[in-house]
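> Sharing my_file00.txt, compact mmCIF, C-alpha atoms:
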# COMPACT_ATOMS: atom_id res chain seq x y z
CA MET A 1386 32.09 133.58 113.32
CA PRO A 1387 34.84 134.50 115.79
CA ASP A 1388 34.16 137.60 117.96
CA HIS A 1389 36.17 140.58 116.71
CA HIS A 1390 35.99 144.36 116.66
CA VAL A 1391 35.96 145.90 113.19
CA ASP A 1392 35.89 149.66 112.65
CA GLY A 1393 33.47 151.23 110.22
CA THR A 1394 30.22 153.16 109.86
CA SER A 1395 26.70 151.75 110.12
CA LEU A 1396 24.04 152.59 107.58
CA VAL A 1397 21.51 155.22 108.52
CA ALA A 1398 18.12 153.87 109.59
CA THR A 1399 19.32 150.31 110.10
CA ALA A 1400 20.49 148.52 113.18
CA VAL A 1401 22.09 145.11 113.33
CA HIS A 1402 22.05 143.40 116.69
CA LEU A 1403 24.75 141.04 117.84
CA LEU A 1404 22.98 138.89 120.40
CA VAL A 1405 25.27 137.31 122.95
CA PRO A 1406 23.43 134.54 124.83
CA GLU A 1407 26.48 133.94 127.00
CA ALA A 1408 28.65 136.67 128.52
CA HIS A 1409 30.77 136.66 125.41
CA GLU A 1410 32.93 139.77 125.57
CA SER A 1411 33.43 142.52 128.12
CA TRP A 1412 33.16 145.14 125.37
CA CYS A 1413 29.43 144.55 124.85
CA SER A 1414 27.56 147.70 125.77
CA PRO A 1415 23.84 148.12 126.50
CA PRO A 1416 21.76 148.93 123.42
CA VAL A 1417 20.36 152.39 122.82
CA LEU A 1418 17.23 151.14 121.11
CA SER A 1419 13.52 151.41 121.52
CA PRO A 1420 12.21 148.96 122.45
CA PRO A 1421 15.31 147.57 124.19
CA LEU A 1422 16.53 144.12 123.16
CA SER A 1423 17.86 141.83 125.89
CA SER A 1424 21.55 140.87 125.84
CA SER A 1425 22.40 142.90 122.74
CA CYS A 1426 25.34 144.92 121.54
CA VAL A 1427 25.16 147.74 119.02
CA LEU A 1428 28.58 147.36 117.43
CA LEU A 1429 29.97 147.38 113.93
CA THR A 1430 31.28 143.83 113.60
CA PRO A 1431 32.02 141.76 110.49
CA PRO A 1432 28.45 140.37 110.58
CA GLU A 1433 27.06 143.87 110.89
CA ALA A 1434 29.11 145.12 107.96
CA LEU A 1435 27.81 142.22 105.87
CA ALA A 1436 24.24 142.82 106.99
CA ASN A 1437 24.37 146.54 106.32
CA ALA A 1438 25.74 146.04 102.82
CA PHE A 1439 23.20 143.31 102.08
CA ILE A 1440 20.33 145.51 103.30
CA GLN A 1441 21.61 148.43 101.24
CA ASP A 1442 21.85 146.33 98.08
CA SER A 1443 18.46 144.67 98.65
CA VAL A 1444 16.64 147.95 99.24
CA ALA A 1445 18.37 149.48 96.21
CA ASN A 1446 16.99 146.58 94.19
CA GLY A 1447 13.41 147.18 95.36
CA SER A 1448 13.12 145.34 98.68
CA SER A 1449 11.25 146.91 101.59
CA PRO A 1450 13.49 147.97 104.50
CA PHE A 1451 14.26 145.18 106.94
CA GLN A 1452 16.48 144.32 109.88
CA VAL A 1453 19.08 141.59 110.32
CA ALA A 1454 19.84 140.11 113.75
CA TRP A 1455 22.97 138.09 114.52
CA TYR A 1456 23.14 135.47 117.28
CA THR A 1457 26.66 134.56 118.40
CA SER A 1458 26.94 130.94 119.52
CA ASP A 1459 28.87 127.75 118.94
CA THR A 1460 28.23 125.26 116.16
CA THR A 1461 26.02 123.00 118.29
CA TYR A 1462 23.64 125.81 119.18
CA SER A 1463 23.64 127.30 115.69
CA ILE A 1464 22.53 123.98 114.23
CA LEU A 1465 19.85 123.74 116.90
CA TYR A 1466 18.74 127.25 115.94
CA LEU A 1467 18.63 126.19 112.29
CA GLN A 1468 16.61 123.12 113.23
CA SER A 1469 14.12 125.07 115.33
CA SER A 1470 13.72 127.75 112.61
CA LEU A 1471 14.90 130.46 115.01
CA ILE A 1472 17.40 131.54 112.34
CA ASP A 1473 17.62 131.50 108.57
CA VAL A 1474 21.33 130.88 108.04
CA GLY A 1475 24.40 130.10 110.15
CA ILE A 1476 28.14 130.51 109.63
CA THR A 1477 30.20 127.71 111.20
CA TYR A 1478 33.63 126.11 110.99
CA ASN A 1479 32.99 122.42 111.64
CA PRO A 1480 32.98 119.98 108.70
CA ALA A 1481 31.53 117.00 110.53
CA ALA A 1482 28.75 118.97 112.19
CA GLU A 1483 27.80 120.74 108.96
CA GLN A 1484 27.68 117.53 106.95
CA ILE A 1485 25.53 115.86 109.61
CA ALA A 1486 23.18 118.85 109.57
CA ILE A 1487 22.84 118.52 105.80
CA ASP A 1488 22.42 114.73 105.92
CA GLN A 1489 19.74 115.03 108.62
CA GLY A 1490 17.77 117.57 106.63
CA ILE A 1491 18.46 120.44 109.01
CA ALA A 1492 20.39 122.46 106.43
CA LEU A 1493 20.24 122.62 102.66
CA ALA A 1494 23.01 121.40 100.41
CA PRO A 1495 25.36 122.84 99.41
CA SER A 1496 27.04 124.94 102.06
CA TYR A 1497 28.58 128.21 100.89
CA TYR A 1498 32.26 129.03 101.32
CA ALA A 1499 32.10 132.42 103.08
CA PHE A 1500 35.70 133.37 103.89
CA ARG A 1501 39.03 132.12 105.21
CA ASP A 1502 40.15 132.80 108.77
CA HIS A 1503 43.53 131.72 110.14
CA PHE A 1504 44.76 130.18 113.38
CA LEU A 1505 47.92 131.45 115.05
CA PHE A 1506 50.25 129.48 117.32
CA VAL A 1507 51.59 132.10 119.74
CA GLY A 1508 53.68 132.13 122.88
CA PRO A 1509 55.89 134.10 125.27
CA MET A 1510 58.80 136.18 124.07
CA ALA A 1511 61.05 134.21 126.43
CA ASN A 1512 60.31 131.08 124.35
CA PRO A 1513 61.12 128.55 127.10
CA ALA A 1514 60.36 125.65 124.72
CA ASN A 1515 63.04 126.98 122.36
CA LEU A 1516 60.72 126.76 119.36
CA SER A 1517 61.77 127.83 115.90
CA VAL A 1518 61.04 131.52 115.35
CA ASP A 1519 61.54 131.71 111.58
CA GLY A 1520 58.41 129.78 110.63
CA SER A 1521 60.41 127.05 108.90
CA GLU A 1522 59.00 124.18 110.99
CA ASP A 1523 55.48 122.85 110.56
CA VAL A 1524 53.03 123.33 113.43
CA GLU A 1525 52.91 119.59 114.22
CA THR A 1526 56.66 119.56 114.82
CA MET A 1527 56.38 122.65 116.98
CA PHE A 1528 53.64 121.04 119.11
CA SER A 1529 55.80 117.94 119.51
CA ASP A 1530 58.83 120.05 120.50
CA LEU A 1531 56.69 121.92 123.03
CA ARG A 1532 55.57 118.65 124.57
CA VAL A 1533 59.14 117.35 124.90
CA ALA A 1534 60.27 120.64 126.44
CA ALA A 1535 57.35 120.71 128.89
CA ASP A 1536 58.28 117.25 130.16
CA GLY A 1537 61.97 118.10 130.28
CA VAL A 1538 64.22 120.25 132.43
CA ALA A 1539 62.45 123.00 134.39
CA THR A 1540 62.65 126.46 132.85
CA ASP A 1541 61.79 130.00 133.92
CA PRO A 1542 59.13 130.73 132.88
CA PRO A 1543 57.90 127.14 132.75
CA VAL A 1544 56.76 125.62 129.46
CA ARG A 1545 52.96 125.59 129.54
CA PHE A 1546 50.18 125.48 126.96
CA LEU A 1547 46.85 127.20 127.55
CA SER A 1548 43.80 125.44 126.09
CA ARG A 1549 40.35 127.02 125.97
CA TYR A 1550 39.00 123.48 126.54
CA ASP A 1551 35.48 124.55 125.55
CA LYS A 1552 34.65 122.70 122.29
CA SER A 1553 35.31 125.89 120.33
CA ALA A 1554 36.87 125.78 116.87
CA THR A 1555 40.19 126.70 118.47
CA ASN A 1556 39.93 123.95 121.07
CA ILE A 1557 38.99 121.37 118.45
CA LYS A 1558 41.92 122.41 116.27
CA GLU A 1559 44.52 122.23 119.03
CA SER A 1560 43.07 118.90 120.17
CA ALA A 1561 43.45 117.55 116.62
CA LEU A 1562 47.05 118.74 116.58
CA TRP A 1563 47.83 116.99 119.87
CA VAL A 1564 46.20 113.80 118.64
CA GLY A 1565 47.95 114.08 115.29
CA ILE A 1566 51.49 114.20 116.64
CA GLY A 1567 50.90 110.83 118.29
CA GLN A 1568 50.45 109.20 114.88
CA VAL A 1569 53.86 109.82 113.32
CA GLY A 1570 56.89 107.56 112.99
CA ALA A 1571 58.72 105.72 110.24
CA ASN A 1572 58.20 102.33 111.90
CA VAL A 1573 56.16 100.74 114.66
CA ALA A 1574 58.85 101.11 117.33
CA GLU A 1575 59.43 104.78 116.56
CA THR A 1576 55.69 105.45 116.47
CA MET A 1577 55.13 103.83 119.88
CA VAL A 1578 57.96 105.82 121.45
CA HIS A 1579 56.58 109.04 119.98
CA ARG A 1580 53.08 108.25 121.23
CA LEU A 1581 54.42 107.76 124.75
CA ARG A 1582 56.15 111.11 124.56
CA SER A 1583 53.30 113.02 122.95
CA LYS A 1584 50.10 111.40 124.17
CA VAL A 1585 47.20 113.78 124.43
CA PRO A 1586 47.96 116.05 127.40
CA TRP A 1587 44.45 115.89 128.87
CA ALA A 1588 44.61 112.09 129.25
CA THR A 1589 45.10 110.42 132.62
CA ALA A 1590 47.52 111.08 134.19
CA TYR A 1591 46.79 114.74 133.59
CA SER A 1592 49.71 116.81 132.26
CA THR A 1593 50.32 119.66 134.67
CA TRP A 1594 51.74 121.86 131.89
CA TYR A 1595 48.43 121.68 129.97
CA HIS A 1596 46.45 124.63 131.32
CA GLN A 1597 42.70 124.15 130.85
CA TYR A 1598 41.30 127.68 130.81
CA ILE A 1599 37.65 127.79 129.76
CA ALA A 1600 37.07 131.30 128.46
CA PHE A 1601 36.18 133.23 125.36
CA PRO A 1602 38.88 134.17 122.85
CA ILE A 1603 40.11 137.53 124.09
CA GLN A 1604 40.09 136.52 127.75
CA ALA A 1605 41.94 133.27 127.01
CA LEU A 1606 44.61 134.98 124.90
CA THR A 1607 45.05 137.69 127.53
CA ALA A 1608 45.57 135.06 130.22
CA ALA A 1609 48.10 133.18 128.09
CA ILE A 1610 50.09 136.36 127.50
CA LEU A 1611 50.09 137.44 131.14
CA LEU A 1612 51.00 133.93 132.31
CA GLN A 1613 53.68 133.57 129.59
CA GLU A 1614 52.09 130.44 128.13
CA TYR A 1615 51.80 129.13 124.58
CA THR A 1616 48.34 128.91 123.04
CA LEU A 1617 46.37 128.68 119.82
CA THR A 1618 44.31 131.69 118.81
CA ASP A 1619 43.13 133.39 115.62
CA ARG A 1620 44.18 136.52 113.79
CA GLY A 1621 41.12 138.59 114.64
CA THR A 1622 41.42 137.90 118.37
CA LEU A 1623 45.09 138.88 118.42
CA LEU A 1624 44.41 142.08 116.48
CA SER A 1625 41.60 142.96 118.90
CA LEU A 1626 44.01 143.21 121.83
CA ASP A 1627 45.51 146.47 123.00
CA PRO A 1628 48.91 146.86 121.26
CA SER A 1629 50.73 147.01 124.60
CA LEU A 1630 49.44 143.52 125.38
CA ARG A 1631 49.67 142.18 121.84
CA ASN A 1632 53.35 143.14 121.66
CA GLN A 1633 54.11 140.83 124.59
CA THR A 1634 53.49 137.68 122.55
CA VAL A 1635 55.19 136.11 119.55
CA ILE A 1636 53.54 134.45 116.54
CA TYR A 1637 55.50 131.22 116.11
CA LYS A 1638 53.31 129.88 113.30
CA ALA A 1639 50.53 131.54 111.30
CA GLY A 1640 47.93 129.92 109.10
CA SER A 1641 47.97 130.55 105.37
CA ASP A 1642 45.40 130.29 102.57
CA ASP A 1643 46.83 126.95 101.46
CA ALA A 1644 43.99 124.42 101.55
CA SER A 1645 46.33 121.82 103.09
CA ASP A 1646 47.49 124.12 105.91
CA PRO A 1647 46.22 122.75 109.26
CA LEU A 1648 46.02 126.34 110.55
CA LEU A 1649 43.65 127.48 107.81
CA ASN A 1650 40.17 128.03 109.29
CA PRO A 1651 37.61 128.23 106.46
CA ALA A 1652 34.11 129.47 107.28
CA HIS A 1653 30.98 128.23 105.50
CA LEU A 1654 27.36 129.30 105.55
CA LEU A 1655 24.40 126.91 106.00
CA VAL A 1656 20.83 127.69 105.01
CA SER A 1657 18.11 126.18 107.21
CA THR A 1658 15.55 123.86 105.61
CA LYS A 1659 13.03 125.58 107.89
CA ALA A 1660 14.20 129.14 107.25
CA PRO A 1661 11.42 131.61 108.14
CA ASN A 1662 12.52 133.66 105.13
CA PRO A 1663 13.79 131.03 102.65
CA GLY A 1664 13.97 133.34 99.66
CA MET A 1665 15.94 135.98 101.52
CA ALA A 1666 18.16 133.32 103.13
CA THR A 1667 19.16 131.95 99.73
CA ALA A 1668 19.58 135.46 98.37
CA PHE A 1669 21.93 136.31 101.24
CA ALA A 1670 23.97 133.13 100.70
CA GLN A 1671 24.38 133.86 97.01
CA TRP A 1672 25.14 137.52 97.70
CA LEU A 1673 27.75 136.53 100.30
CA VAL A 1674 29.76 134.39 97.88
CA GLY A 1675 29.35 136.89 95.06
CA ASP A 1676 31.57 139.84 94.25
CA ARG A 1677 29.72 142.27 96.53
CA GLY A 1678 29.77 140.04 99.64
CA GLN A 1679 33.36 139.00 99.09
CA GLY A 1680 34.29 142.64 98.62
CA VAL A 1681 32.87 143.45 102.06
CA ILE A 1682 34.83 140.56 103.58
CA ASN A 1683 37.98 141.75 101.85
CA SER A 1684 37.54 145.15 103.50
CA PHE A 1685 37.50 143.83 107.09
CA GLU A 1686 40.50 145.34 108.86
CA LYS A 1687 41.75 145.76 112.39
CA GLY A 1688 44.72 147.93 113.19
CA GLY A 1689 45.40 148.33 109.49
CA GLU A 1690 45.65 144.57 108.95
CA GLN A 1691 43.21 142.45 106.99
CA LEU A 1692 41.13 140.10 109.14
CA TYR A 1693 40.02 137.44 106.64
CA SER A 1694 40.83 136.20 103.17
CA VAL A 1695 38.05 135.91 100.63
CA ALA A 1696 36.80 132.46 99.67
CA PRO A 1697 38.66 130.64 96.88
CA THR A 1698 37.32 131.68 93.50
CA ASN A 1699 36.65 128.06 92.54
CA ALA A 1700 34.88 127.12 95.78
CA THR A 1701 31.92 129.46 96.29
CA ALA A 1702 29.66 126.63 97.42
CA GLN A 1703 30.43 123.21 98.82
CA THR A 1704 29.17 120.75 101.40
CA THR A 1705 32.02 120.77 103.91
CA ALA A 1706 33.48 123.27 106.38
CA ALA A 1707 35.97 123.41 109.30
CA GLY A 1708 35.99 124.50 113.04
CA SER A 1709 33.32 125.01 115.75
CA ASN A 1710 32.41 128.57 116.60
CA SER A 1711 29.56 129.99 114.59
CA THR A 1712 27.36 132.93 113.89
CA ALA A 1713 23.70 132.78 112.96
CA LEU A 1714 21.59 135.20 110.98
CA ARG A 1715 17.90 135.95 111.38
CA ARG A 1716 16.09 138.48 109.19
CA ARG A 1717 13.29 140.54 110.69
CA ARG A 1718 10.78 142.64 108.76
CA SER A 1719 8.68 143.86 111.69
CA ARG A 1720 10.31 147.27 112.00
CA VAL A 1721 13.53 149.17 111.48
CA TRP A 1722 15.33 150.35 114.60
CA VAL A 1723 17.73 153.24 114.38
CA SER A 1724 21.17 152.83 115.94
Before anything else, please render the file you have as structure tokens.

Amino acid sequence: MPDHHVDGTSLVATAVHLLVPEAHESWCSPPVLSPPLSSSCVLLTPPEALANAFIQDSVANGSSPFQVAWYTSDTTYSILYLQSSLIDVGITYNPAAEQIAIDQGIALAPSYYAFRDHFLFVGPMANPANLSVDGSEDVETMFSDLRVAADGVATDPPVRFLSRYDKSATNIKESALWVGIGQVGANVAETMVHRLRSKVPWATAYSTWYHQYIAFPIQALTAAILLQEYTLTDRGTLLSLDPSLRNQTVIYKAGSDDASDPLLNPAHLLVSTKAPNPGMATAFAQWLVGDRGQGVINSFEKGGEQLYSVAPTNATAQTTAAGSNSTALRRRRSRVWVS
């Protein structure tokens, strides 16, 4: 799950811990817990809101109090966590990786459609690539136009694209878009010319306008804005920025809920075949795609704007997903820590 701030109130006598194995965000603060938990943040995030509501409903239905811990990672590590039984469930965005995990017996079939996130193609207000600003062009055309402009006459500011270049869901998506625009053309000759013009920018010889900036979402978007570069981000990351910074960038194309939209970023949940708490893992998955879980997702807001769309009503469980960042859930019954 992408890293976002979400305002709200935590339940009394429960604490949900967002564990950040890498230095994920500068806003992580030391925990005020006893005993202390290494590398943790006590924050109300979308995972925490889900966990709190799930705990509340479970206890109301007769369960003993318990704690939920969230580990923020990428898809590769979440699947490893599922395989090692460190976690019970994981939320990811990568269809190929999820299907492999299911095929290899790491995760149970089916996966559960959790919610819909959305990518945003953003850039400087100066718009040196002269991209369409009314949203009428598709994102593939806009990427192609950006490439032509970047290789064309020098501008001020220069036409540059910032890539996180880190195997994240965002990096995988923008890479797919770059690869995709090299496959168009009504005939062989036109296709070959287009491929020469829009070959992947990281190929040799390296495109100087393709800025490889390996960083987490907020840092990468901040850099793109300050450097007046185009980039691909997601709605939650943009809404997490200070308004004074957010207002310095323009959304040239936003993802929709249309299943065919390349900027749609659906999130799915996998249940580990080695889940330490298999009954609770399945219960959480079913709760998540039910009315109560989807209601919590529908309430996620930042700056008065909704973060995610609920899952399609006819797709509460399926065996494919999309993207690469992920979040993993582990339930603990040992004790309840108070936040």
> Which is closest to A:Ala1482 among A:Ala1605, A:Ile1464, A:Ile1636, A:Ala1499, if we use all atoms listed in the file?
A:Ile1464
> Take atom CA of A:Ile1610 and atom CA of A:Ile1557 and report the distance between them in Å, one decimal.
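These two atoms are separated by 20.7 Å.
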> Compile the contact shell of A:Leu1654 as number ranges by chain: residues with an atom at most 8 Å away, counting only C-alpha atoms, same-chain residues fewer than 6 positions apart removed.
A: 1474-1477, 1496-1499, 1670
> For the residues in that selection, give me C-alpha atoms as a short mmCIF file (atom, residue, chain, number, x, y, z; two decimals), in the frame of the given file.

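And here's out-v2.cif as it stands now:
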data_model
loop_
_atom_site.label_atom_id
_atom_site.label_comp_id
_atom_site.auth_asym_id
_atom_site.auth_seq_id
_atom_site.Cartn_x
_atom_site.Cartn_y
_atom_site.Cartn_z
CA VAL A 1474 21.33 130.88 108.04
CA GLY A 1475 24.40 130.10 110.15
CA ILE A 1476 28.14 130.51 109.63
CA THR A 1477 30.20 127.71 111.20
CA SER A 1496 27.04 124.94 102.06
CA TYR A 1497 28.58 128.21 100.89
CA TYR A 1498 32.26 129.03 101.32
CA ALA A 1499 32.10 132.42 103.08
CA ALA A 1670 23.97 133.13 100.70
#
> Interatomic distance between atom CA of A:Leu1630 and atom CA of A:Leu1516?
21.1 Å
> Would you please work out which residue, of A:Leu1465, A:Leu1547, A:Leu1623, A:Val1518, is nearest to A:Lys1687 when using all atoms listed in the file?
A:Leu1623
> Please compute the atom CA of A:Gln1679-atom CA of A:Thr1658 distance, one decimal, in Å.
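We find that atom CA of A:Gln1679 and atom CA of A:Thr1658 lie 24.3 Å from each other.
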> Which residues, written as a compact mmCIF listing (two decimals) with C-alpha atoms, in the frame of the given file, have at least one atom at most 7 Å from A:Asp1502, with only C-alpha atoms counted and residues fewer than 6 positions away on the same chain left out?

# COMPACT_ATOMS: atom_id res chain seq x y z
CA LEU A 1649 43.65 127.48 107.81
CA ASN A 1650 40.17 128.03 109.29
CA PRO A 1651 37.61 128.23 106.46
CA TYR A 1693 40.02 137.44 106.64
CA SER A 1694 40.83 136.20 103.17
> Can you build me a table of stretch 1628-1705 of chain A residues sitting at most 7 Å from stretch 1428-1451 of chain A, with the closest atom pair per residue and its distance in Å to one decimal, using only C-alpha atoms, sorted by chain and residue number, as a Markdown table?

| residue | atom | partner | partner_atom | distance |
| --- | --- | --- | --- | --- |
| A:Gly1678 | CA | A:Leu1435 | CA | 6.9 |
| A:Val1681 | CA | A:Leu1435 | CA | 6.5 |
| A:Phe1685 | CA | A:Pro1431 | CA | 6.8 |
> Dump stretch 1654-1707 of chain A with C-alpha atoms to a file, as a PDB file, in the first residue's frame.

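Just written: selection_9.pdb:
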ATOM      1  CA  LEU A1654      -4.873  -8.755  -0.832  1.00  0.00           C
ATOM      2  CA  LEU A1655      -3.084 -12.139  -0.644  1.00  0.00           C
ATOM      3  CA  VAL A1656      -3.460 -14.623   2.193  1.00  0.00           C
ATOM      4  CA  SER A1657      -0.362 -16.679   3.034  1.00  0.00           C
ATOM      5  CA  THR A1658      -0.590 -20.469   2.822  1.00  0.00           C
ATOM      6  CA  LYS A1659       1.554 -20.461   5.976  1.00  0.00           C
ATOM      7  CA  ALA A1660      -0.372 -17.759   7.817  1.00  0.00           C
ATOM      8  CA  PRO A1661       0.307 -18.001  11.574  1.00  0.00           C
ATOM      9  CA  ASN A1662      -3.349 -17.087  12.113  1.00  0.00           C
ATOM     10  CA  PRO A1663      -5.126 -18.611   9.081  1.00  0.00           C
ATOM     11  CA  GLY A1664      -8.636 -18.215  10.428  1.00  0.00           C
ATOM     12  CA  MET A1665      -8.148 -14.566  11.287  1.00  0.00           C
ATOM     13  CA  ALA A1666      -6.329 -13.934   7.982  1.00  0.00           C
ATOM     14  CA  THR A1667      -9.278 -15.248   5.990  1.00  0.00           C
ATOM     15  CA  ALA A1668     -11.701 -13.373   8.230  1.00  0.00           C
ATOM     16  CA  PHE A1669      -9.813 -10.134   7.586  1.00  0.00           C
ATOM     17  CA  ALA A1670      -9.789 -10.718   3.821  1.00  0.00           C
ATOM     18  CA  GLN A1671     -13.531 -11.332   3.762  1.00  0.00           C
ATOM     19  CA  TRP A1672     -14.165  -8.385   6.078  1.00  0.00           C
ATOM     20  CA  LEU A1673     -12.027  -6.134   3.857  1.00  0.00           C
ATOM     21  CA  VAL A1674     -14.054  -6.814   0.714  1.00  0.00           C
ATOM     22  CA  GLY A1675     -17.343  -6.664   2.603  1.00  0.00           C
ATOM     23  CA  ASP A1676     -19.474  -3.620   3.289  1.00  0.00           C
ATOM     24  CA  ARG A1677     -17.689  -2.704   6.528  1.00  0.00           C
ATOM     25  CA  GLY A1678     -14.147  -2.854   5.112  1.00  0.00           C
ATOM     26  CA  GLN A1679     -15.123  -1.063   1.927  1.00  0.00           C
ATOM     27  CA  GLY A1680     -16.867   1.574   4.008  1.00  0.00           C
ATOM     28  CA  VAL A1681     -13.612   2.273   5.863  1.00  0.00           C
ATOM     29  CA  ILE A1682     -11.754   2.546   2.550  1.00  0.00           C
ATOM     30  CA  ASN A1683     -14.409   4.897   1.218  1.00  0.00           C
ATOM     31  CA  SER A1684     -13.816   7.171   4.217  1.00  0.00           C
ATOM     32  CA  PHE A1685     -10.077   7.673   3.579  1.00  0.00           C
ATOM     33  CA  GLU A1686      -9.552  11.373   2.908  1.00  0.00           C
ATOM     34  CA  LYS A1687      -6.674  13.806   2.730  1.00  0.00           C
ATOM     35  CA  GLY A1688      -7.239  17.519   2.492  1.00  0.00           C
ATOM     36  CA  GLY A1689     -10.938  16.903   2.009  1.00  0.00           C
ATOM     37  CA  GLU A1690     -10.352  14.679  -1.026  1.00  0.00           C
ATOM     38  CA  GLN A1691     -10.994  10.958  -1.206  1.00  0.00           C
ATOM     39  CA  LEU A1692      -7.829   8.857  -1.410  1.00  0.00           C
ATOM     40  CA  TYR A1693      -9.096   5.585  -2.911  1.00  0.00           C
ATOM     41  CA  SER A1694     -12.125   4.186  -4.686  1.00  0.00           C
ATOM     42  CA  VAL A1695     -13.774   1.074  -3.316  1.00  0.00           C
ATOM     43  CA  ALA A1696     -13.348  -2.200  -5.176  1.00  0.00           C
ATOM     44  CA  PRO A1697     -15.787  -2.934  -8.018  1.00  0.00           C
ATOM     45  CA  THR A1698     -18.946  -4.521  -6.663  1.00  0.00           C
ATOM     46  CA  ASN A1699     -18.586  -7.476  -9.030  1.00  0.00           C
ATOM     47  CA  ALA A1700     -14.912  -8.133  -8.280  1.00  0.00           C
ATOM     48  CA  THR A1701     -14.501  -8.714  -4.547  1.00  0.00           C
ATOM     49  CA  ALA A1702     -12.099 -11.602  -5.087  1.00  0.00           C
ATOM     50  CA  GLN A1703      -9.934 -12.544  -8.029  1.00  0.00           C
ATOM     51  CA  THR A1704      -6.518 -13.964  -8.814  1.00  0.00           C
ATOM     52  CA  THR A1705      -4.815 -10.979 -10.428  1.00  0.00           C
ATOM     53  CA  ALA A1706      -3.602  -7.565  -9.283  1.00  0.00           C
ATOM     54  CA  ALA A1707      -1.488  -4.614 -10.542  1.00  0.00           C
TER      55      ALA A1707
END
